[in-house]
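What follows is the content of entry_31.cif, which has mmCIF, C-alpha atoms:
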```
data_upload
#
loop_
_atom_site.label_atom_id
_atom_site.label_comp_id
_atom_site.auth_asym_id
_atom_site.auth_seq_id
_atom_site.Cartn_x
_atom_site.Cartn_y
_atom_site.Cartn_z
CA MET A 1 0.00 0.00 0.00
CA GLU A 2 1.19 3.48 -0.86
CA PRO A 3 2.22 5.76 2.02
CA ILE A 4 -0.28 8.42 3.02
CA LYS A 5 1.21 11.89 2.91
CA SER A 6 0.38 13.96 5.96
CA ALA A 7 1.56 17.42 6.98
CA GLY A 8 5.34 17.28 6.65
CA HIS A 9 5.68 13.51 7.01
CA CYS A 10 4.50 10.15 5.67
CA ILE A 11 2.43 7.36 7.18
CA TYR A 12 3.89 4.05 5.98
CA PHE A 13 1.97 0.76 5.74
CA GLU A 14 3.29 -2.78 5.67
CA SER A 15 6.78 -1.58 4.82
CA GLY A 16 8.73 -3.81 7.17
CA LEU A 17 9.98 -0.53 8.65
CA SER A 18 12.44 -0.27 5.76
CA PRO A 19 11.89 3.51 5.24
CA LEU A 20 12.95 4.00 8.86
CA LYS A 21 16.48 2.94 7.94
CA GLU A 22 16.63 5.71 5.36
CA ILE A 23 15.33 8.29 7.84
CA LEU A 24 17.98 7.31 10.39
CA LYS A 25 20.72 7.36 7.77
CA LYS A 26 19.67 10.75 6.44
CA ASN A 27 19.37 12.55 9.79
CA LYS A 28 22.42 11.08 11.57
CA TYR A 29 20.90 11.30 15.05
CA SER A 30 23.25 11.63 18.00
CA LYS A 31 21.28 9.08 20.02
CA ILE A 32 18.19 6.94 19.44
CA PHE A 33 15.72 6.12 22.20
CA VAL A 34 12.86 3.63 21.98
CA PHE A 35 10.05 4.56 24.38
CA ALA A 36 7.80 1.65 25.37
CA ASP A 37 5.76 0.36 28.28
CA THR A 38 6.75 -2.88 29.99
CA ASN A 39 4.24 -4.91 27.98
CA THR A 40 5.39 -3.48 24.67
CA ALA A 41 9.02 -3.94 25.65
CA GLU A 42 8.35 -7.65 26.14
CA LEU A 43 6.04 -8.31 23.19
CA CYS A 44 6.85 -5.70 20.54
CA VAL A 45 10.51 -4.75 20.92
CA PRO A 46 11.54 -8.23 19.67
CA VAL A 47 9.39 -7.68 16.55
CA PHE A 48 10.94 -4.22 16.17
CA ARG A 49 14.44 -5.72 16.38
CA PHE A 50 13.54 -8.43 13.88
CA LEU A 51 12.24 -5.89 11.35
CA LEU A 52 15.39 -3.79 11.76
CA ASP A 53 18.00 -6.49 12.06
CA ASP A 54 20.92 -4.11 11.61
CA LEU A 55 19.76 -1.53 14.18
CA GLU A 56 21.32 -2.20 17.57
CA ASP A 57 22.53 1.19 18.73
CA PHE A 58 19.53 2.43 20.72
CA ASP A 59 18.47 2.70 24.35
CA ILE A 60 15.06 1.61 25.66
CA ILE A 61 13.10 3.83 28.05
CA GLU A 62 10.33 1.88 29.77
CA THR A 63 7.27 3.05 31.66
CA ASP A 64 4.38 1.29 33.36
CA PRO A 65 1.40 0.48 31.11
CA GLY A 66 -2.04 2.04 31.39
CA GLU A 67 -3.89 5.34 31.01
CA GLU A 68 -3.50 5.99 34.74
CA ASN A 69 0.23 6.52 34.14
CA LYS A 70 -0.19 9.11 31.38
CA ASN A 71 0.55 12.00 33.72
CA ILE A 72 3.13 14.67 34.47
CA ASP A 73 4.93 12.60 37.13
CA PHE A 74 5.83 9.92 34.61
CA CYS A 75 6.87 12.58 32.11
CA ILE A 76 9.26 14.07 34.66
CA GLY A 77 10.80 10.64 35.08
CA ILE A 78 11.27 10.29 31.33
CA TRP A 79 12.79 13.78 30.99
CA LYS A 80 15.24 12.94 33.79
CA THR A 81 16.12 9.67 32.09
CA LEU A 82 16.86 11.51 28.86
CA LEU A 83 19.12 13.89 30.79
CA ASP A 84 20.88 10.95 32.47
CA PHE A 85 21.50 9.41 29.03
CA GLY A 86 22.97 12.69 27.81
CA ALA A 87 20.24 13.28 25.23
CA ASP A 88 20.78 16.46 23.22
CA ARG A 89 18.55 18.22 20.69
CA LYS A 90 19.83 15.98 17.87
CA CYS A 91 18.51 12.77 19.39
CA LEU A 92 15.42 10.83 18.27
CA MET A 93 12.62 9.24 20.27
CA ILE A 94 10.80 6.30 18.69
CA ASN A 95 7.43 5.77 20.39
CA LEU A 96 6.70 2.05 20.18
CA GLY A 97 3.35 1.18 21.70
CA GLY A 98 -0.29 2.05 22.04
CA GLY A 99 -2.03 5.39 22.39
CA VAL A 100 -0.65 6.10 25.85
CA ILE A 101 2.89 5.70 24.54
CA THR A 102 2.37 7.78 21.38
CA ASP A 103 0.47 10.50 23.30
CA MET A 104 2.95 10.72 26.16
CA GLY A 105 6.08 10.04 24.11
CA GLY A 106 5.12 12.72 21.62
CA PHE A 107 4.50 15.17 24.48
CA VAL A 108 7.85 14.38 26.11
CA ALA A 109 9.69 14.71 22.78
CA SER A 110 7.94 17.94 21.78
CA THR A 111 8.88 19.62 25.08
CA TYR A 112 12.33 18.19 25.90
CA LYS A 113 14.85 20.97 25.20
CA ARG A 114 12.00 22.70 23.32
CA GLY A 115 11.57 19.78 21.00
CA ILE A 116 13.37 16.75 19.61
CA ASP A 117 12.38 14.56 16.65
CA PHE A 118 10.09 11.61 17.26
CA ILE A 119 8.64 8.76 15.22
CA ASN A 120 5.46 6.86 16.05
CA ILE A 121 5.24 3.10 15.60
CA PRO A 122 1.77 2.27 16.95
CA THR A 123 1.39 -1.33 18.05
CA THR A 124 -2.31 -1.41 18.99
CA LEU A 125 -5.26 -1.11 16.65
CA LEU A 126 -6.42 1.95 18.59
CA ALA A 127 -3.11 3.73 18.16
CA GLN A 128 -2.81 2.75 14.50
CA VAL A 129 -6.17 4.17 13.46
CA ASP A 130 -6.34 7.08 15.87
CA ALA A 131 -3.74 8.15 18.43
CA SER A 132 -0.65 8.15 16.24
CA VAL A 133 -2.18 10.22 13.42
CA GLY A 134 -2.83 13.94 13.55
CA GLY A 135 -0.03 15.48 15.57
CA LYS A 136 -1.79 15.63 18.94
CA THR A 137 0.24 14.82 22.04
CA GLY A 138 -0.97 14.96 25.61
CA ILE A 139 -1.23 13.79 29.19
CA ASP A 140 -4.07 13.60 31.70
CA ILE A 141 -4.60 15.77 34.78
CA ASP A 142 -6.60 14.28 37.69
CA HIS A 143 -8.04 11.62 35.35
CA VAL A 144 -9.30 14.29 32.91
CA LYS A 145 -8.18 13.20 29.45
CA ASN A 146 -5.46 15.03 27.53
CA MET A 147 -5.71 18.32 29.41
CA VAL A 148 -2.07 19.26 28.79
CA GLY A 149 -0.46 18.71 25.42
CA THR A 150 0.91 20.06 22.18
CA PHE A 151 0.30 19.92 18.47
CA SER A 152 3.57 18.41 17.25
CA LEU A 153 4.16 16.32 14.15
CA PRO A 154 6.28 13.15 14.04
CA GLN A 155 8.97 12.60 11.45
CA ALA A 156 7.04 9.55 10.28
CA VAL A 157 4.44 6.99 11.33
CA PHE A 158 4.80 3.26 10.64
CA ILE A 159 1.72 1.05 10.72
CA GLU A 160 2.66 -2.62 10.74
CA HIS A 161 -0.04 -5.30 10.80
CA LYS A 162 2.39 -7.73 12.45
CA PHE A 163 2.09 -5.96 15.80
CA LEU A 164 -1.66 -6.70 16.01
CA ALA A 165 -0.86 -10.37 16.59
CA THR A 166 0.35 -9.36 20.06
CA LEU A 167 -3.07 -8.01 21.10
CA ALA A 168 -5.83 -9.53 23.18
CA LYS A 169 -9.44 -9.55 21.97
CA ARG A 170 -10.37 -6.66 24.24
CA GLU A 171 -7.62 -4.43 22.84
CA LEU A 172 -8.71 -5.12 19.27
CA LEU A 173 -12.28 -4.22 20.18
CA SER A 174 -11.08 -0.99 21.75
CA GLY A 175 -9.48 0.16 18.50
CA PHE A 176 -12.44 -1.00 16.45
CA ALA A 177 -14.63 1.67 18.11
CA GLU A 178 -12.61 4.41 16.44
CA MET A 179 -12.99 2.68 13.08
CA ILE A 180 -16.77 2.57 13.55
CA LYS A 181 -16.64 6.28 14.38
CA HIS A 182 -14.75 7.03 11.17
CA GLY A 183 -17.47 5.36 9.15
CA LEU A 184 -20.28 7.11 11.00
CA ILE A 185 -18.83 10.59 10.60
CA VAL A 186 -17.52 10.43 7.03
CA ASP A 187 -18.18 7.24 5.05
CA ALA A 188 -21.48 5.32 5.26
CA ASN A 189 -20.22 2.59 2.92
CA TYR A 190 -17.18 2.02 5.14
CA TYR A 191 -19.48 1.76 8.16
CA GLN A 192 -21.55 -0.89 6.38
CA ASN A 193 -18.39 -2.80 5.45
CA LEU A 194 -17.27 -2.78 9.08
CA LYS A 195 -20.65 -4.17 10.15
CA ASN A 196 -19.98 -7.15 7.88
CA SER A 197 -16.42 -7.67 9.15
CA ASP A 198 -14.82 -9.37 12.15
CA TYR A 199 -13.05 -7.03 14.55
CA GLN A 200 -10.72 -9.89 15.54
CA ASN A 201 -9.49 -10.16 11.96
CA ILE A 202 -9.25 -6.60 10.68
CA SER A 203 -7.84 -6.26 7.18
CA PRO A 204 -4.93 -3.94 6.43
CA GLN A 205 -7.21 -2.26 3.87
CA ALA A 206 -9.75 -1.32 6.58
CA ILE A 207 -6.99 0.13 8.75
CA TYR A 208 -5.72 2.07 5.74
CA ARG A 209 -9.20 3.53 5.13
CA SER A 210 -9.52 4.65 8.74
CA VAL A 211 -6.13 6.34 8.66
CA GLU A 212 -7.05 7.92 5.33
CA ILE A 213 -10.24 9.37 6.82
CA LYS A 214 -8.56 10.74 9.91
CA ASN A 215 -5.61 12.14 7.99
CA ASP A 216 -7.89 13.89 5.51
CA VAL A 217 -9.78 15.60 8.34
CA VAL A 218 -6.71 16.66 10.35
CA THR A 219 -4.90 17.90 7.23
CA LYS A 220 -7.80 20.23 6.47
CA ASP A 221 -7.96 21.46 10.09
CA PRO A 222 -4.66 20.76 11.89
CA LEU A 223 -5.39 22.87 14.99
CA GLU A 224 -9.02 21.79 15.57
CA LYS A 225 -10.65 25.13 14.80
CA GLY A 226 -13.59 23.58 12.97
CA LEU A 227 -13.88 20.40 10.88
CA ARG A 228 -11.50 18.36 13.04
CA LYS A 229 -14.08 18.52 15.82
CA ILE A 230 -16.10 15.83 14.02
CA LEU A 231 -13.46 13.33 15.17
CA ASN A 232 -14.81 13.93 18.68
CA PHE A 233 -18.14 12.25 17.92
CA GLY A 234 -18.78 9.88 20.84
CA HIS A 235 -15.96 11.42 22.85
CA THR A 236 -17.64 14.14 24.91
CA ILE A 237 -19.66 11.58 26.86
CA GLY A 238 -17.20 8.77 26.15
CA HIS A 239 -14.22 10.58 27.70
CA ALA A 240 -16.26 11.46 30.78
CA VAL A 241 -17.33 7.85 31.25
CA GLU A 242 -13.77 6.68 30.66
CA SER A 243 -12.36 9.13 33.23
CA TYR A 244 -15.03 8.18 35.78
CA SER A 245 -14.39 4.47 35.25
CA LEU A 246 -10.64 5.00 35.55
CA SER A 247 -11.05 6.63 38.95
CA LYS A 248 -13.79 4.36 40.33
CA ASP A 249 -13.67 0.88 38.80
CA LYS A 250 -11.33 -1.94 39.75
CA LYS A 251 -11.27 -2.97 36.10
CA PRO A 252 -11.70 0.29 34.17
CA LEU A 253 -13.24 0.56 30.74
CA THR A 254 -10.89 0.67 27.79
CA HIS A 255 -10.96 3.80 25.64
CA GLY A 256 -12.92 2.03 22.91
CA GLU A 257 -15.50 0.61 25.32
CA ALA A 258 -16.11 4.10 26.69
CA ILE A 259 -16.33 5.59 23.19
CA ALA A 260 -18.86 2.90 22.23
CA ILE A 261 -21.00 4.13 25.13
CA GLY A 262 -20.45 7.70 23.98
CA MET A 263 -21.48 6.91 20.40
CA ILE A 264 -24.76 5.36 21.53
CA CYS A 265 -25.52 8.33 23.78
CA GLU A 266 -24.47 10.91 21.22
CA SER A 267 -26.44 9.16 18.47
CA TYR A 268 -29.46 9.63 20.75
CA LEU A 269 -28.61 13.34 20.97
CA SER A 270 -28.07 13.40 17.19
CA ALA A 271 -31.65 12.22 16.69
CA LYS A 272 -32.85 15.05 18.94
CA TYR A 273 -30.63 17.88 17.70
CA ALA A 274 -29.23 17.00 14.27
CA ASN A 275 -31.94 15.14 12.31
CA LEU A 276 -30.47 11.65 12.57
CA THR A 277 -33.43 9.41 11.74
CA THR A 278 -35.01 6.99 14.20
CA ASP A 279 -34.06 4.08 11.94
CA GLU A 280 -30.44 5.23 11.84
CA LEU A 281 -30.39 5.59 15.63
CA LYS A 282 -31.74 2.04 15.97
CA ASP A 283 -29.15 0.77 13.49
CA ILE A 284 -26.23 2.33 15.36
CA THR A 285 -27.53 1.32 18.77
CA LYS A 286 -28.21 -2.28 17.76
CA TYR A 287 -24.85 -2.75 16.07
CA ILE A 288 -22.70 -1.27 18.81
CA SER A 289 -24.65 -3.02 21.58
CA THR A 290 -24.12 -6.42 19.95
CA ILE A 291 -20.31 -6.27 20.09
CA TYR A 292 -19.42 -4.13 23.12
CA PRO A 293 -19.61 -5.21 26.77
CA LYS A 294 -22.36 -4.00 29.03
CA TYR A 295 -21.68 -1.28 31.57
CA ASN A 296 -24.13 0.08 34.12
CA ILE A 297 -23.95 3.87 34.32
CA LYS A 298 -25.25 4.48 37.82
CA GLU A 299 -27.54 7.45 38.25
CA LYS A 300 -25.51 8.62 41.24
CA SER A 301 -22.61 9.15 38.81
CA PHE A 302 -24.54 11.52 36.53
CA LYS A 303 -23.46 14.69 38.37
CA SER A 304 -19.80 13.63 38.28
CA LEU A 305 -20.07 12.82 34.58
CA LEU A 306 -21.55 16.25 33.83
CA ASN A 307 -18.73 17.89 35.80
CA LEU A 308 -16.19 15.94 33.74
CA MET A 309 -17.89 17.04 30.54
CA GLN A 310 -17.61 20.64 31.69
CA SER A 311 -13.82 20.16 31.52
CA ASP A 312 -13.90 19.03 27.89
CA LYS A 313 -11.41 20.91 25.70
CA LYS A 314 -14.01 21.68 23.02
CA ASN A 315 -16.25 23.68 25.36
CA GLU A 316 -16.72 27.39 24.86
CA GLU A 317 -18.04 30.01 27.29
CA GLY A 318 -19.20 27.35 29.72
CA HIS A 319 -21.25 25.43 27.14
CA ILE A 320 -20.74 21.69 26.61
CA LEU A 321 -20.35 21.34 22.85
CA PHE A 322 -21.07 18.17 20.89
CA SER A 323 -20.27 16.84 17.43
CA LEU A 324 -23.42 15.08 16.19
CA LEU A 325 -24.56 13.06 13.18
CA ASP A 326 -27.15 14.46 10.80
CA LYS A 327 -27.02 11.12 9.01
CA ILE A 328 -24.84 8.02 8.97
CA GLY A 329 -21.72 9.11 7.10
CA HIS A 330 -21.90 12.82 7.94
CA CYS A 331 -21.18 14.77 11.11
CA THR A 332 -21.55 18.40 12.16
CA PHE A 333 -20.23 20.17 15.24
CA ASN A 334 -20.66 22.84 17.94
CA PHE A 335 -24.08 21.73 19.17
CA LYS A 336 -25.07 23.15 22.56
CA VAL A 337 -26.91 20.43 24.46
CA THR A 338 -28.77 20.80 27.75
CA ASN A 339 -27.79 18.85 30.85
CA ASN A 340 -31.25 17.28 30.94
CA ASP A 341 -30.82 15.91 27.42
CA ILE A 342 -27.36 14.57 28.28
CA ILE A 343 -28.90 12.75 31.25
CA ASP A 344 -31.67 11.44 28.98
CA SER A 345 -29.01 10.03 26.66
CA LEU A 346 -27.38 8.20 29.60
CA LEU A 347 -30.78 6.83 30.64
CA HIS A 348 -31.32 5.76 27.03
CA TYR A 349 -28.06 3.84 27.21
CA ASN A 350 -29.14 2.15 30.45
CA THR A 351 -32.38 0.95 28.85
CA ILE A 352 -30.22 -1.06 26.46
CA TYR A 353 -27.64 -2.21 28.98
CA GLY A 354 -28.65 -3.45 32.37
CA THR A 355 -25.83 -5.11 34.27
CA VAL A 356 -22.06 -5.06 34.03
CA ILE A 357 -20.57 -7.87 31.93
CA TRP A 358 -16.82 -8.02 31.28
CA PHE A 359 -14.76 -10.19 28.98
#
```

Show the structure stored in the file as structure tokens.
Amino acid sequence: MEPIKSAGHCIYFESGLSPLKEILKKNKYSKIFVFADTNTAELCVPVFRFLLDDLEDFDIIETDPGEENKNIDFCIGIWKTLLDFGADRKCLMINLGGGVITDMGGFVASTYKRGIDFINIPTTLLAQVDASVGGKTGIDIDHVKNMVGTFSLPQAVFIEHKFLATLAKRELLSGFAEMIKHGLIVDANYYQNLKNSDYQNISPQAIYRSVEIKNDVVTKDPLEKGLRKILNFGHTIGHAVESYSLSKDKKPLTHGEAIAIGMICESYLSAKYANLTTDELKDITKYISTIYPKYNIKEKSFKSLLNLMQSDKKNEEGHILFSLLDKIGHCTFNFKVTNNDIIDSLLHYNTIYGTVIWF
């Protein structure tokens, strides 16, 4: 598959990482660091070494896995490690891992000594179709998602299907939610194709289409002033549920599970505010509810969820703003929605899902 050209860099597919060798040769970096969590270091670094059999001169920086570690304290530890290794402004950070690694690694790289080069090699489906594309970096503050970050572009992104073999079923399903979102907001035919596919056996062509959709949107609106907001469909409620689950549940929701909840709720709001038809709402609700686990959103959590939504980055002048569907395959943005309607959407979700069921 041909590389996708993004702003100032390329996204490579199924290349065996061979273009990376040329990038390293061309730039003559003083030092190379591979940033990974402990799981990725065990499962994916060997694949990375195998694909680049003549690359040995790099240091690995490891962190603990999980969204709960995507915070400033861990960043301070990474910055100190870079200092201890004598990293200068001519070094390179290769972020090898899921969305937490690409988000946090990109943030660390974009701020260390006012910015060093970084490359993203996403190893989860979620990171491949979403987190590693678009130039957003960030960390969480008090479980509120991505409250501190930068817009900073990598030198390149490498999407290798081989890494998906290291993933559990639940991680594949998490990434699949973003693919469903891409279809719902931009491409109705793609959404229909996904409905007929198996999320445990995603084709490279489907991943390519998702990256193509996201890249097209972020290229047109790199700083999220308008169109890029459509990528937040399902995320205003989804991020709040994810943050709440992260702080309260022994086994927190994955990002994709939370976004699946958000897409059901925000499809309900789309039918109320943006002319999504009743049949389309039923279609979306039925499909998502057949493949994602059940989660009981307790009514006592509603106030906390609304407070979390008030912290959403897209809000303006105290208004919670939503990106909503006017039909399957098309999304609009900047809808002001009342708290009562948000609560109704959560109650709508609970009429579909009753009790908590985990994998």

TODO: For the structure provided, state which residues fall under the PyMOL selection byres ((chain A and resi 98-115) around 9), and present them as number ranges by chain.
DONE: A: 35-37, 40, 63, 65-67, 69-71, 74-76, 78-79, 82, 88-89, 92-97, 116-128, 130-132, 135-139, 146, 148-154

Expected file: the selected residues, C-alpha atoms, as an mmCIF file, keeping the file's coordinate frame:
```
data_model
loop_
_atom_site.group_PDB
_atom_site.id
_atom_site.type_symbol
_atom_site.label_atom_id
_atom_site.label_comp_id
_atom_site.auth_asym_id
_atom_site.auth_seq_id
_atom_site.Cartn_x
_atom_site.Cartn_y
_atom_site.Cartn_z
ATOM 1 C CA PHE A 35 10.050 4.560 24.380
ATOM 2 C CA ALA A 36 7.800 1.650 25.370
ATOM 3 C CA ASP A 37 5.760 0.360 28.280
ATOM 4 C CA THR A 40 5.390 -3.480 24.670
ATOM 5 C CA THR A 63 7.270 3.050 31.660
ATOM 6 C CA PRO A 65 1.400 0.480 31.110
ATOM 7 C CA GLY A 66 -2.040 2.040 31.390
ATOM 8 C CA GLU A 67 -3.890 5.340 31.010
ATOM 9 C CA ASN A 69 0.230 6.520 34.140
ATOM 10 C CA LYS A 70 -0.190 9.110 31.380
ATOM 11 C CA ASN A 71 0.550 12.000 33.720
ATOM 12 C CA PHE A 74 5.830 9.920 34.610
ATOM 13 C CA CYS A 75 6.870 12.580 32.110
ATOM 14 C CA ILE A 76 9.260 14.070 34.660
ATOM 15 C CA ILE A 78 11.270 10.290 31.330
ATOM 16 C CA TRP A 79 12.790 13.780 30.990
ATOM 17 C CA LEU A 82 16.860 11.510 28.860
ATOM 18 C CA ASP A 88 20.780 16.460 23.220
ATOM 19 C CA ARG A 89 18.550 18.220 20.690
ATOM 20 C CA LEU A 92 15.420 10.830 18.270
ATOM 21 C CA MET A 93 12.620 9.240 20.270
ATOM 22 C CA ILE A 94 10.800 6.300 18.690
ATOM 23 C CA ASN A 95 7.430 5.770 20.390
ATOM 24 C CA LEU A 96 6.700 2.050 20.180
ATOM 25 C CA GLY A 97 3.350 1.180 21.700
ATOM 26 C CA ILE A 116 13.370 16.750 19.610
ATOM 27 C CA ASP A 117 12.380 14.560 16.650
ATOM 28 C CA PHE A 118 10.090 11.610 17.260
ATOM 29 C CA ILE A 119 8.640 8.760 15.220
ATOM 30 C CA ASN A 120 5.460 6.860 16.050
ATOM 31 C CA ILE A 121 5.240 3.100 15.600
ATOM 32 C CA PRO A 122 1.770 2.270 16.950
ATOM 33 C CA THR A 123 1.390 -1.330 18.050
ATOM 34 C CA THR A 124 -2.310 -1.410 18.990
ATOM 35 C CA LEU A 125 -5.260 -1.110 16.650
ATOM 36 C CA LEU A 126 -6.420 1.950 18.590
ATOM 37 C CA ALA A 127 -3.110 3.730 18.160
ATOM 38 C CA GLN A 128 -2.810 2.750 14.500
ATOM 39 C CA ASP A 130 -6.340 7.080 15.870
ATOM 40 C CA ALA A 131 -3.740 8.150 18.430
ATOM 41 C CA SER A 132 -0.650 8.150 16.240
ATOM 42 C CA GLY A 135 -0.030 15.480 15.570
ATOM 43 C CA LYS A 136 -1.790 15.630 18.940
ATOM 44 C CA THR A 137 0.240 14.820 22.040
ATOM 45 C CA GLY A 138 -0.970 14.960 25.610
ATOM 46 C CA ILE A 139 -1.230 13.790 29.190
ATOM 47 C CA ASN A 146 -5.460 15.030 27.530
ATOM 48 C CA VAL A 148 -2.070 19.260 28.790
ATOM 49 C CA GLY A 149 -0.460 18.710 25.420
ATOM 50 C CA THR A 150 0.910 20.060 22.180
ATOM 51 C CA PHE A 151 0.300 19.920 18.470
ATOM 52 C CA SER A 152 3.570 18.410 17.250
ATOM 53 C CA LEU A 153 4.160 16.320 14.150
ATOM 54 C CA PRO A 154 6.280 13.150 14.040
#
```

- [ ] Calculate how many Å separate atom CA of A:Lys303 from atom CA of A:Asp344, rounding to one decimal.
- [x] 12.9 Å

Task: Å distance separating atom CA of A:Tyr244 from atom CA of A:Met147, one decimal place - done: 15.2 Å

Open item on the list: Report, in Å with one decimal, the straight-line distance from atom CA of A:Glu178 to atom CA of A:Phe233.
Closed with: 9.7 Å

Open item on the list: Starting from the PyMOL selection byres ((chain A and resi 262) around 7), expand the selection into actual residues of this file and give them as a PyMOL selection string.
Closed with: chain A and resi 234-235+237-238+258-261+263-266

- [ ] Determine the residue set returned by the PyMOL selection byres ((chain A and resi 129) around 12) for the present structure, and present it as number ranges by chain.
- [x] A: 11, 13, 98-99, 121-128, 130-134, 157-161, 172, 174-182, 202, 204-215, 231, 256

- [ ] Tell me, as a ChimeraX atom specification, which residues lie within 8 Å of stretch 247-254 of chain A, counting all atoms listed in the file; anything in the same chain fewer than 5 positions away does not count.
- [x] /A:143,171,174,242

- [ ] Could you tell me which of A:Leu83, A:Ile60, A:Ile352, A:Ala240 comes closest to A:Asp312 if we count all atoms listed in the file?
- [x] A:Ala240
